[in-house]
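Let me begin by presenting the structure, written as structure tokens, before commenting on it.
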Amino acid sequence: MTSTPPAAAPALPPAQMPAAARARRFASLRTIAALVLREMSTRYGRTPGGYLWAILEPLAAILFLSLGFSLVIRSPSLGTSFLLFYATGYMAFDLYQTISNTTARALNFSKPLLQFPAVTWVDAILARFALNSLTGSLVAILLLAGTLMVIDSRAVLDLPPAVLAMALAMVLGLGVGTINCVLMGLYPLWEVAWSVITRPLFLASGVFFLYQDLPPMAQEILWYNPLMHITGLMRTGFYPTYTAAYVSVTYVLLTSLTLLALGLLLMGRYHRVILNR
């Protein structure tokens with residue numbers, strides 16, 4: 001007498017599989033939105049002035065730079081306005097710096113919430129990236145538009161290079177921040193080491209000067225700094241007579257995506273180790 005093999009479990013109807021994927025994506029978007037609201041309340045909601053400080057901080061930095069260098073130098077390297085020259089360099093650098101620093105601390109910031117299955121490390125990173133990208137872009141638009149309105153300048157605004165420079169600053173900040181998130185989680189001393197290593201970065205990213213003003217040896221070294229390309233590209237959007245022939249969008253994009261891919265790969269491998277520390 002032959003035994004009848006057990007009936008196979010009914011396969012999931014194909015129509016239900018996309019529905020489940022859509023439900024998961026929707027849940028992830030809600031989680032990211034909740035994390036964004038949480039950071040907005042903790043970062044800006046607990047201090048007097050709130051979001052006003054996000055505008056006043058870079059504005060104060062640009063004003064001090066403009067005032068300080070105007071006492072030493074007669075005119076900036078481009079145009080006649082110190083305010084516009086330093087604003088076009090500082091805002092792109094500040095956007096990168098903010099995104100990379102906040103993304104690097106995404107796991108520590110949301111560590112209690114990551115114990116819930118609905119919240120993943122990807123949600124934590126994307127939430128900080130989205131909030132700081134939107135905030136930094138809005139601040140840059142307000143300050144640069146205000147600078148153009150205040151100064152007596154006939155600058156011809158070319159939006160595509162400026163938008164591309166800001167986008168590259170975001171992607172670079174995400175890539176550097178993601179890989180630093182892994183390294184800081186595995187090696188706490190790396191946070192101190194990174195702050196020491198990158199301390200001269202503000203001086204070596206073209207905020208104060210133009211790439212063409214440097215001696216040839218310095219140009220060969222600083223060309224490999226992606227931020228030098230970003231600040232140069234940013235200024236081409238505000239100074240029509242300035243040509244930054246050294247800028248390589250491909251180099252910046254490849255560097256950013258390589259760091260991001262490596263960071264995501266390491267994060268997927270070691271995020272449980274970091275969270276259990």
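Following the order of the structure tokens, first chain is A, next is B, and so on, with residues numbered from 1 inside each chain and ligands from 1 in the order they appear.
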
Would you mind listing what lies within 7 Å of A:Leu95 as a short mmCIF file (atom, residue, chain, number, x, y, z; two decimals) with C-alpha atoms, in the first residue's frame, with only C-alpha atoms counted and same-chain residues fewer than 6 positions away left out?
data_model
loop_
_atom_site.label_atom_id
_atom_site.label_comp_id
_atom_site.auth_asym_id
_atom_site.auth_seq_id
_atom_site.Cartn_x
_atom_site.Cartn_y
_atom_site.Cartn_z
CA GLY A 136 20.91 72.59 5.08
CA ALA A 169 27.92 67.67 -0.94
CA MET A 170 24.92 65.66 0.31
#

>> If we count only C-alpha atoms and set the cut-off at 12 Å, which residues sit around A:Cys181, ignoring sequence neighbours fewer than 5 positions away in its own chain? Please answer as a ChimeraX atom specification.
In response: /A:99-109,121-122,124-125,173-176,186-188,190-191,194,259-260,262-268,270-271,274-275

>> Using Å and a single decimal, report how far atom CA of A:Ala145 sits from atom CA of A:Leu157.
In response: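 Interatomic distance, atom CA of A:Leu157 to atom CA of A:Ala145: 10.1 Å.
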
> Residues at most 9 Å from A:Ile151, counting only C-alpha atoms, excluding those fewer than 2 positions away in the same chain, as a PyMOL selection string?
Replying inline: chain A and resi 81+83-84+146-149+153

Just the selected residues (N, CA, C and O atoms), exported as a CSV table (one decimal), in the first residue's frame, please.
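Done, and the output landed in again_39.csv:
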chain,number,residue,atom,x,y,z
A,81,SER,N,32.6,91.3,-3.5
A,81,SER,CA,31.9,91.1,-2.2
A,81,SER,C,32.5,89.9,-1.5
A,81,SER,O,32.5,88.8,-1.9
A,83,LEU,N,31.3,88.9,1.3
A,83,LEU,CA,30.1,88.1,1.8
A,83,LEU,C,29.7,87.0,0.8
A,83,LEU,O,29.5,85.9,1.2
A,84,LEU,N,29.6,87.4,-0.5
A,84,LEU,CA,29.2,86.4,-1.5
A,84,LEU,C,30.3,85.3,-1.7
A,84,LEU,O,30.0,84.2,-1.8
A,146,GLY,N,19.5,85.9,0.4
A,146,GLY,CA,19.6,87.2,1.2
A,146,GLY,C,20.9,87.9,0.9
A,146,GLY,O,20.9,89.2,0.8
A,147,THR,N,22.0,87.2,0.7
A,147,THR,CA,23.3,87.8,0.3
A,147,THR,C,23.2,88.5,-1.0
A,147,THR,O,23.7,89.7,-1.2
A,148,LEU,N,22.6,87.9,-2.0
A,148,LEU,CA,22.4,88.5,-3.3
A,148,LEU,C,21.5,89.8,-3.2
A,148,LEU,O,21.7,90.7,-4.0
A,149,MET,N,20.6,89.8,-2.3
A,149,MET,CA,19.7,90.9,-2.2
A,149,MET,C,20.3,92.1,-1.5
A,149,MET,O,20.1,93.2,-1.8
A,153,SER,N,25.7,93.8,-6.1
A,153,SER,CA,26.4,92.9,-7.0
A,153,SER,C,25.5,92.6,-8.2
A,153,SER,O,24.3,92.5,-8.1

> Of the candidates A:Ala130, A:Val192, A:Met91, A:Leu138, which one gets nearest to A:Thr231 if we count only C-alpha atoms?
Replying inline: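 Distance minimum relative to A:Thr231 lands on A:Met91.
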
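Here the question is which of A:Arg30, A:His229, A:Arg128, A:Arg38 gets nearest to A:Leu210 using only C-alpha atoms, and that residue is A:His229.
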
Can you tell me which residues surround A:Val163 at a distance of at most 10 Å, considering only C-alpha atoms, apart from same-chain residues fewer than 4 positions away, and format the answer as a short mmCIF file (atom, residue, chain, number, x, y, z; two decimals) with N, CA, C and O atoms, in the first residue's frame?
data_model
loop_
_atom_site.label_atom_id
_atom_site.label_comp_id
_atom_site.auth_asym_id
_atom_site.auth_seq_id
_atom_site.Cartn_x
_atom_site.Cartn_y
_atom_site.Cartn_z
N SER A 137 19.80 72.61 2.93
CA SER A 137 19.44 73.21 1.64
C SER A 137 18.60 74.46 1.83
O SER A 137 18.80 75.47 1.15
N ASP A 158 23.45 81.03 -12.01
CA ASP A 158 23.30 79.86 -12.87
C ASP A 158 22.98 78.67 -11.96
O ASP A 158 23.86 78.11 -11.31
N LEU A 159 21.71 78.29 -11.91
CA LEU A 159 21.26 77.31 -10.92
C LEU A 159 21.84 75.89 -11.09
O LEU A 159 22.19 75.27 -10.08
N ALA A 167 24.05 68.92 -4.24
CA ALA A 167 23.71 67.50 -4.28
C ALA A 167 24.95 66.64 -4.05
O ALA A 167 24.90 65.62 -3.33
N LEU A 168 26.08 67.02 -4.65
CA LEU A 168 27.32 66.27 -4.43
C LEU A 168 27.77 66.36 -2.97
O LEU A 168 28.28 65.39 -2.42
N ALA A 169 27.58 67.52 -2.35
CA ALA A 169 27.92 67.67 -0.94
C ALA A 169 27.07 66.74 -0.08
O ALA A 169 27.55 66.14 0.89
N LEU A 233 32.81 74.14 -8.03
CA LEU A 233 31.59 74.03 -8.84
C LEU A 233 30.51 74.97 -8.33
O LEU A 233 29.76 75.57 -9.12
N MET A 234 30.42 75.12 -7.02
CA MET A 234 29.43 76.01 -6.44
C MET A 234 29.64 77.45 -6.89
O MET A 234 28.69 78.17 -7.22
N GLY A 237 28.38 78.75 -10.29
CA GLY A 237 26.98 79.10 -10.41
C GLY A 237 26.67 80.54 -10.05
O GLY A 237 25.56 81.02 -10.31
#

> Excluding same-chain residues fewer than 4 positions from stretch 250-254 of chain A, what lies within 9 Å of it counting only C-alpha atoms, as an NGL selection string?
Replying inline: :A and (168 or 171-172 or 224-227 or 229-230 or 258-259)

>> Using only C-alpha atoms for the distances, tell me which of A:Ala87, A:Thr178, A:Leu113, A:Leu189 is nearest to A:Ile141.
In response: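 With only C-alpha atoms as the atom set, the closest residue is A:Ala87.
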